[in-house]
Amino acid sequence: MSMKSRLNTMRVAPYVFVAPFLVAFVCFYLYPIATTILMSFQNVVPGQTSFIGLTNYGNIINSDFWDALRVGLIYTVLTIAILVPVPIVFAVLLNSGSRRLNTVHRAMFFLPSLVSVVVAGTVFRLMFASTDKAVVNGVLKMVGINPVDWLLGGAAQAMFLMVFLATWRWLGVNLIYFISGLQAIPEELYEAAEIDGANPLQRFFRITLPLLKPTIVFVTTISIFGGFAMFEESYIFWQGLSPNNVGLTMVGLLYKRGFQQGDLGMASTYGLVLMIIVFTLSLAQLKLFGFFRKED
Amino acid sequence: MAGTHSRFRPLWLVKYPLLFGTALMFLFPIFALIMATFKTGRDLMRYGITFQTLIPETFDFKNYGYLIDGKDGIYLTWYKNSLILTVFQTGLSLFFSSLVGYGLGAYRFIGRNFLFVLVLFVMLVPLQILILPLYSMMIDIGGMDTYWGALLPFLVSPFAIFFFRQYAVGIPKDYLDAGRVDGLNEYSIFFRITAPLMAPAFGAMAILTSQQAWNSFLWPLIVMRTSQMLTLPIGLNSLLTPYGNNYNMLISGAAMASLPLIVVFFFFQKYFMSGLTTGGIKG
């Protein structure tokens with residue numbers, strides 16, 4: 001059998017089809033993960049890399065680390081607290097009524113997600129400029145609040161900026177997820193509930209929410225993931241150098257140690273810590289929601 | 001009949017104004033961006049975007065001129081770089097990922113389940129933690145500051161594989177067997193029979209991948225070193241500094257960088273939605 005015809009058999013062909021993934025997996029995932037683990041035990045200096053055991057791990061806990069962890073945690077909690085319930089309500093509202101109006105609204109909410117984070121950052125800097133005339137401070141002035149220095153004013157202002165930006169960019173995307181989740185709920189359930197005399201609020205809490213659970217789990221999982229792995233939203237505001245670390249995230253810390261300070265060993269250790277945090281939280285959250293229970 | 005109407009109308013009167021008001025607020029930054037492109041960089045620097053001067057008294061197109069001749073026309077170079085990278089990343093990633101997705105979805109073979117679990121696992125690894133070793137690797141193989149270096153880690157997309165796999169599972173095996181009876185080999189079956197059947201999946205993934213490639217930030221930020229090689233987001237970012245910005249070029253550049261995706265969105269809205277939802281989560 002020639003090489004060519006052997007490649008054509010049904011037994012061999014699937015391996016040819018999946019080969020690109022295998023190559024990519026080994027080169028761009030397995031090898032980098034292994035290198036990260038290795039570098040976390042090393043002091044990486046060009047030309048004289050040395051094995052230093054657990055020293056990097058001993059040095060993990062410092063003020064930068066706590067700052068990054070705090071920013072990541074608060075950011076993740078706040079984005080989940082906003083970007084799960086609000087899109088659910090909007091999705092319910094947009095799932096009935098005029099089809100055409102709903103499509104228009106859906107598109108309006110979705111549009112910001114098309115804009116790159118750099119473009120969004122540029123506009124937000126101008127809207128949140130520290131003068132009392134700029135849009136946001138102008139609104140505050142009307143209700144009698146003094147102008148705020150959003151970019152450099154402190155931790156709360158910085159967090160507000162980042163969460164606001166995330167809400168603007170991601171609400172429309174989550175809205176699509178929830179609308180598609182709602183459309184999978186059989187109409188008959190609502191009809192039956194209506195016959196039984198359930199009011200709209202009861203129908204929402206007894207039918208919509210429980211049946212939307214898979215989507216809620218999914219959106220929460222990607223939010224945990226995105227929250228702790230956040231980097232760009234902070235980088236475009238402070239270029240990695242925020243006053244008092246108000247915008248420092250775990251990835252920001254990794255970037256700072258690795259690329260701005262050239263300490264690849266320590267940065268790798270932070271990378272692994274981040275991976276462990278994200279994995280643990282995602283799994284804990286999935287377990288909390290009973291995702292591993294066999295329901296069917 | 002009349003009952004249903006009288007019960008739902010009042011809700012509409014609350015619902016749509018509420019939604020429309022909120023949606024307008026969501027569009028405000030985009031509108032403000034477009035209006036700001038017609039103002040001088042000095043005014044933007046000094047006042048930011050304000051309600052009083054939201055719509056400029058005179059529309060000044062000078063900022064758009066900077067895009068063509070500012071800094072020796074570097075903006076057009078960034079635009080070209082972004083276009084090249086987006087086209088190649090989308091094309092190659094769709095090609096490789098559809099092959100893998102089809103292989104996983106249409107064949108039964110030893111190791112299939114293991115590979116599928118591996119794909120799912122990879123989807124859970126944040127790329128951000130791999131940038132350090134990937135960066136060292138790029139230095140070793142000479143990929144820094146090159147197009148191929150910016151593309152290499154993204155040629156196979158785990159999410160696209162997953163998406164194509166879900167699609168391929170649903171293709172009736174009879175179609176493939178019919179091809180075999182006609183004497184097509186396994187690869188011709190993919191190109192002549194399966195790929196055309198997967199056209200909607202290609203559409204959805206083309207949109208999603210090009211959107212990600214066009215707006216890609218972290219990896220090009222690390223790989224691209226010289227001004228001539230920067231992509232749009234990185235180039236624009238280089239005009240941003242914490243304490244004062246070159247708004248002349250930045251503001252018009254930001255608007256023009258957003259234009260292609262918004263245009264594509266209006267023509268292919270359906271594919272944007274299905275790329276996000278099909279094959280993903282099931283109730």
# chains A, B, ... in the order shown; residues from 1 in each chain; ligands from 1

call {"tool": "interface_residues", "arguments": {"of": "chain B", "to": "chain A", "cutoff": "6 Å", "atoms": "only C-alpha atoms", "output": "ChimeraX atom specification"}}
result
/B:23,48-51,99-100,103,129-130,133,185-186,215,233,242,254,258,283

call {"tool": "write_last_selection", "arguments": {"atoms": "N, CA, C and O atoms", "output": "compact mmCIF listing (two decimals), in the first residue's frame"}}
result
# COMPACT_ATOMS: atom_id res chain seq x y z
N ALA B 23 -30.70 52.17 26.20
CA ALA B 23 -29.93 51.87 24.99
C ALA B 23 -29.28 53.13 24.43
O ALA B 23 -28.14 53.09 23.98
N GLY B 48 -12.11 67.79 27.78
CA GLY B 48 -12.72 66.47 27.66
C GLY B 48 -13.96 66.56 26.79
O GLY B 48 -14.13 67.50 26.02
N ILE B 49 -14.84 65.56 26.89
CA ILE B 49 -16.11 65.61 26.16
C ILE B 49 -17.15 66.23 27.09
O ILE B 49 -17.38 65.72 28.19
N THR B 50 -17.75 67.33 26.66
CA THR B 50 -18.71 68.03 27.52
C THR B 50 -20.07 68.09 26.83
O THR B 50 -20.17 67.95 25.62
N PHE B 51 -21.12 68.28 27.64
CA PHE B 51 -22.46 68.41 27.05
C PHE B 51 -22.58 69.70 26.26
O PHE B 51 -23.16 69.73 25.18
N LEU B 99 -10.92 21.72 10.14
CA LEU B 99 -10.40 20.36 9.93
C LEU B 99 -10.47 19.56 11.23
O LEU B 99 -10.98 18.44 11.26
N VAL B 100 -9.98 20.16 12.31
CA VAL B 100 -9.93 19.46 13.59
C VAL B 100 -11.35 19.20 14.10
O VAL B 100 -11.68 18.08 14.52
N GLY B 103 -12.84 16.42 12.16
CA GLY B 103 -12.24 15.14 12.55
C GLY B 103 -12.82 14.63 13.86
O GLY B 103 -13.14 13.45 13.99
N ILE B 129 -1.57 33.85 30.95
CA ILE B 129 -0.49 33.31 31.77
C ILE B 129 0.59 32.66 30.90
O ILE B 129 1.66 32.34 31.37
N LEU B 130 0.27 32.43 29.62
CA LEU B 130 1.25 31.77 28.75
C LEU B 130 2.12 32.76 27.99
O LEU B 130 3.03 32.36 27.27
N PRO B 133 6.29 32.44 28.53
CA PRO B 133 7.01 31.42 27.76
C PRO B 133 6.85 31.60 26.25
O PRO B 133 7.81 31.35 25.51
N ASN B 185 -11.95 10.47 -1.82
CA ASN B 185 -11.19 10.08 -0.63
C ASN B 185 -11.63 10.95 0.55
O ASN B 185 -12.41 11.89 0.40
N GLU B 186 -11.13 10.64 1.75
CA GLU B 186 -11.62 11.27 2.98
C GLU B 186 -11.48 12.79 2.95
O GLU B 186 -12.30 13.52 3.49
N ASN B 215 -9.36 43.40 17.14
CA ASN B 215 -9.23 44.10 18.41
C ASN B 215 -8.16 43.52 19.33
O ASN B 215 -8.01 43.97 20.46
N PRO B 233 -4.88 48.76 17.44
CA PRO B 233 -5.04 48.99 18.88
C PRO B 233 -3.72 49.37 19.56
O PRO B 233 -3.70 50.25 20.42
N PRO B 242 -0.55 58.43 30.41
CA PRO B 242 -1.38 58.72 31.58
C PRO B 242 -1.63 60.21 31.78
O PRO B 242 -2.65 60.59 32.34
N ALA B 254 -9.28 56.41 16.38
CA ALA B 254 -10.14 55.50 17.12
C ALA B 254 -11.46 55.29 16.39
O ALA B 254 -11.96 54.17 16.28
N SER B 258 -12.86 51.67 14.47
CA SER B 258 -14.09 50.97 14.87
C SER B 258 -15.03 50.76 13.70
O SER B 258 -15.93 49.91 13.76
N GLY B 283 -29.78 23.99 27.49
CA GLY B 283 -30.58 23.95 28.71
C GLY B 283 -30.84 22.58 29.27
O GLY B 283 -30.34 21.59 28.85

call {"tool": "residues_around", "arguments": {"residues": "range 204-210 of chain B", "least_positions_apart": "3", "cutoff": "7 Å", "atoms": "only C-alpha atoms", "output": "list in words"}}
result
Thr86, Thr90, Ala160, Pro200, Ala201, Ala213, Trp214, Tyr271, Phe272, Ser274 and Gly275 of chain B

call {"tool": "write_last_selection", "arguments": {"atoms": "N, CA, C and O atoms", "output": "compact mmCIF listing (two decimals), in the first residue's frame"}}
result
# COMPACT_ATOMS: atom_id res chain seq x y z
N THR B 86 -5.60 40.36 10.44
CA THR B 86 -6.98 39.88 10.60
C THR B 86 -7.34 38.88 9.51
O THR B 86 -7.90 37.82 9.79
N THR B 90 -7.88 34.97 10.47
CA THR B 90 -9.22 34.43 10.26
C THR B 90 -9.16 33.26 9.28
O THR B 90 -9.68 32.18 9.55
N ALA B 160 -13.12 27.66 18.24
CA ALA B 160 -13.60 27.37 16.89
C ALA B 160 -13.67 25.86 16.65
O ALA B 160 -14.61 25.37 16.03
N PRO B 200 -22.76 27.88 7.36
CA PRO B 200 -23.17 28.80 8.43
C PRO B 200 -22.16 28.85 9.58
O PRO B 200 -21.93 29.91 10.15
N ALA B 201 -21.56 27.70 9.89
CA ALA B 201 -20.55 27.68 10.95
C ALA B 201 -19.34 28.50 10.54
O ALA B 201 -18.77 29.25 11.34
N ALA B 213 -9.43 39.17 16.19
CA ALA B 213 -8.13 39.50 15.61
C ALA B 213 -7.98 41.00 15.46
O ALA B 213 -6.94 41.58 15.77
N TRP B 214 -9.02 41.65 14.98
CA TRP B 214 -8.99 43.10 14.74
C TRP B 214 -8.74 43.86 16.04
O TRP B 214 -8.02 44.84 16.07
N TYR B 271 -24.98 36.38 11.95
CA TYR B 271 -23.80 35.56 12.22
C TYR B 271 -23.14 35.93 13.55
O TYR B 271 -22.57 35.07 14.22
N PHE B 272 -23.22 37.21 13.92
CA PHE B 272 -22.68 37.62 15.22
C PHE B 272 -23.40 36.86 16.33
O PHE B 272 -22.80 36.32 17.24
N SER B 274 -25.25 34.04 16.14
CA SER B 274 -25.10 32.58 16.17
C SER B 274 -23.70 32.19 16.59
O SER B 274 -23.50 31.15 17.20
N GLY B 275 -22.69 33.03 16.29
CA GLY B 275 -21.33 32.73 16.73
C GLY B 275 -21.24 32.69 18.24
O GLY B 275 -20.44 31.96 18.81

call {"tool": "select_by_dssp", "arguments": {"residues": "range 69-232 of chain B", "states": "helix (DSSP H, G or I)", "output": "ChimeraX atom specification"}}
result
/B:69-106,112-123,127-141,147-154,158-169,173-181,186-197,199-215,218-223,227-229,232

call {"tool": "atom_distance", "arguments": {"atom1": "CA of Phe116 in chain B", "atom2": "CA of Arg165 in chain B"}}
result
9.2 Å

call {"tool": "residues_around", "arguments": {"residues": "range 168-183 of chain B", "least_positions_apart": "5", "cutoff": "7 Å", "atoms": "only C-alpha atoms", "output": "list in words"}}
result
Tyr102, Gly105, Ala106 and Ile189 of chain B

call {"tool": "residues_around", "arguments": {"residues": "range 135-149 of chain B", "least_positions_apart": "4", "cutoff": "9 Å", "atoms": "only C-alpha atoms", "output": "list of chain:residue names"}}
result
A:Pro32, B:Asn81, B:Ile84, B:Leu85, B:Leu130, B:Ile131, B:Pro153, B:Trp219, B:Pro220, B:Ile222, B:Val223, B:Met224, B:Arg225, B:Thr226, B:Met229, B:Leu230

call {"tool": "write_last_selection", "arguments": {"atoms": "all heavy atoms", "output": "compact mmCIF listing (two decimals), in the first residue's frame"}}
result
# COMPACT_ATOMS: atom_id res chain seq x y z
N PRO A 32 4.56 25.75 26.79
CA PRO A 32 4.56 26.96 27.63
C PRO A 32 4.17 26.70 29.09
O PRO A 32 4.76 27.27 29.99
CB PRO A 32 3.52 27.86 26.96
CG PRO A 32 3.47 27.41 25.56
CD PRO A 32 3.72 25.93 25.60
N ASN B 81 -1.37 46.81 8.65
CA ASN B 81 -0.95 45.69 9.48
C ASN B 81 -2.15 44.96 10.09
O ASN B 81 -2.20 43.73 10.11
CB ASN B 81 -0.04 46.18 10.62
CG ASN B 81 1.29 46.69 10.10
OD1 ASN B 81 1.70 46.36 8.98
ND2 ASN B 81 1.97 47.49 10.89
N ILE B 84 -3.95 42.92 7.36
CA ILE B 84 -3.21 41.71 6.98
C ILE B 84 -3.36 40.65 8.06
O ILE B 84 -3.71 39.50 7.78
CB ILE B 84 -1.71 42.05 6.76
CG1 ILE B 84 -1.55 42.92 5.51
CG2 ILE B 84 -0.88 40.78 6.64
CD1 ILE B 84 -0.14 43.41 5.27
N LEU B 85 -3.12 41.05 9.32
CA LEU B 85 -3.18 40.07 10.40
C LEU B 85 -4.58 39.50 10.56
O LEU B 85 -4.76 38.31 10.80
CB LEU B 85 -2.70 40.70 11.71
CG LEU B 85 -1.18 40.90 11.79
CD1 LEU B 85 -0.80 41.64 13.05
CD2 LEU B 85 -0.46 39.55 11.74
N LEU B 130 0.27 32.43 29.62
CA LEU B 130 1.25 31.77 28.75
C LEU B 130 2.12 32.76 27.99
O LEU B 130 3.03 32.36 27.27
CB LEU B 130 0.53 30.85 27.75
CG LEU B 130 -0.35 29.78 28.38
CD1 LEU B 130 -1.04 28.97 27.30
CD2 LEU B 130 0.49 28.85 29.26
N ILE B 131 1.84 34.07 28.14
CA ILE B 131 2.57 35.03 27.31
C ILE B 131 4.06 35.06 27.59
O ILE B 131 4.84 35.33 26.70
CB ILE B 131 2.00 36.47 27.42
CG1 ILE B 131 1.90 36.88 28.88
CG2 ILE B 131 0.67 36.59 26.70
CD1 ILE B 131 1.57 38.34 29.05
N PRO B 153 0.57 31.74 17.58
CA PRO B 153 -0.17 31.09 18.66
C PRO B 153 -1.68 31.02 18.41
O PRO B 153 -2.39 30.36 19.15
CB PRO B 153 0.10 31.99 19.87
CG PRO B 153 1.28 32.81 19.50
CD PRO B 153 1.21 32.98 18.02
N TRP B 219 -1.17 40.21 22.96
CA TRP B 219 -0.09 39.54 22.24
C TRP B 219 0.63 40.46 21.25
O TRP B 219 1.87 40.55 21.28
CB TRP B 219 -0.61 38.26 21.58
CG TRP B 219 0.46 37.46 20.92
CD1 TRP B 219 0.56 37.15 19.61
CD2 TRP B 219 1.62 36.89 21.56
NE1 TRP B 219 1.69 36.43 19.37
CE2 TRP B 219 2.37 36.26 20.54
CE3 TRP B 219 2.12 36.87 22.87
CZ2 TRP B 219 3.57 35.60 20.80
CZ3 TRP B 219 3.32 36.22 23.13
CH2 TRP B 219 4.02 35.58 22.11
N PRO B 220 -0.11 41.22 20.41
CA PRO B 220 0.60 42.17 19.54
C PRO B 220 1.38 43.22 20.35
O PRO B 220 2.43 43.67 19.91
CB PRO B 220 -0.51 42.85 18.74
CG PRO B 220 -1.70 42.00 18.89
CD PRO B 220 -1.55 41.17 20.11
N ILE B 222 3.06 42.68 22.90
CA ILE B 222 4.32 42.08 23.30
C ILE B 222 5.22 41.80 22.09
O ILE B 222 6.41 42.05 22.12
CB ILE B 222 4.05 40.79 24.10
CG1 ILE B 222 3.52 41.18 25.47
CG2 ILE B 222 5.29 39.92 24.20
CD1 ILE B 222 2.78 40.10 26.16
N VAL B 223 4.61 41.30 21.01
CA VAL B 223 5.42 40.86 19.86
C VAL B 223 5.89 42.03 19.00
O VAL B 223 7.03 42.06 18.56
CB VAL B 223 4.61 39.87 19.00
CG1 VAL B 223 5.38 39.51 17.73
CG2 VAL B 223 4.32 38.62 19.79
N MET B 224 4.99 42.99 18.75
CA MET B 224 5.35 44.06 17.83
C MET B 224 6.17 45.13 18.55
O MET B 224 5.73 45.69 19.56
CB MET B 224 4.09 44.66 17.21
CG MET B 224 3.31 43.67 16.36
SD MET B 224 4.37 42.72 15.25
CE MET B 224 3.18 42.22 14.01
N ARG B 225 7.35 45.41 18.01
CA ARG B 225 8.29 46.29 18.70
C ARG B 225 8.51 47.62 18.02
O ARG B 225 8.73 48.63 18.67
CB ARG B 225 9.65 45.57 18.82
CG ARG B 225 9.62 44.34 19.70
CD ARG B 225 9.72 44.72 21.15
NE ARG B 225 8.63 44.13 21.91
CZ ARG B 225 8.42 44.33 23.20
NH1 ARG B 225 9.21 45.12 23.87
NH2 ARG B 225 7.41 43.78 23.82
N THR B 226 8.52 47.62 16.67
CA THR B 226 8.81 48.88 15.99
C THR B 226 7.50 49.52 15.52
O THR B 226 6.52 48.83 15.26
CB THR B 226 9.71 48.66 14.77
OG1 THR B 226 9.10 47.68 13.93
CG2 THR B 226 11.08 48.19 15.18
N MET B 229 5.46 48.18 12.63
CA MET B 229 4.82 46.86 12.70
C MET B 229 3.59 46.87 13.60
O MET B 229 2.90 45.86 13.72
CB MET B 229 5.82 45.81 13.22
CG MET B 229 6.94 45.48 12.25
SD MET B 229 6.32 44.90 10.65
CE MET B 229 5.63 43.32 11.12
N LEU B 230 3.29 47.99 14.26
CA LEU B 230 2.18 47.99 15.21
C LEU B 230 0.83 47.78 14.52
O LEU B 230 0.65 48.14 13.36
CB LEU B 230 2.14 49.32 15.98
CG LEU B 230 3.36 49.68 16.81
CD1 LEU B 230 3.10 50.96 17.58
CD2 LEU B 230 3.73 48.56 17.77

call {"tool": "atom_distance", "arguments": {"atom1": "CA of Ala156 in chain A", "atom2": "CA of Ile88 in chain A"}}
result
26.5 Å

call {"tool": "atom_distance", "arguments": {"atom1": "CA of Phe109 in chain B", "atom2": "CA of Val156 in chain B"}}
result
20.9 Å

call {"tool": "residues_around", "arguments": {"residues": "Thr231 in chain B", "least_positions_apart": "6", "cutoff": "7 Å", "atoms": "only C-alpha atoms", "output": "MDAnalysis selection string"}}
result
chainID B and resid 78:79 81:82

call {"tool": "residues_around", "arguments": {"residues": "Gly262 in chain A", "least_positions_apart": "6", "cutoff": "10 Å", "atoms": "only C-alpha atoms", "output": "list in words"}}
result
Val44, Val45, Pro46, Tyr255 and Lys256 of chain A
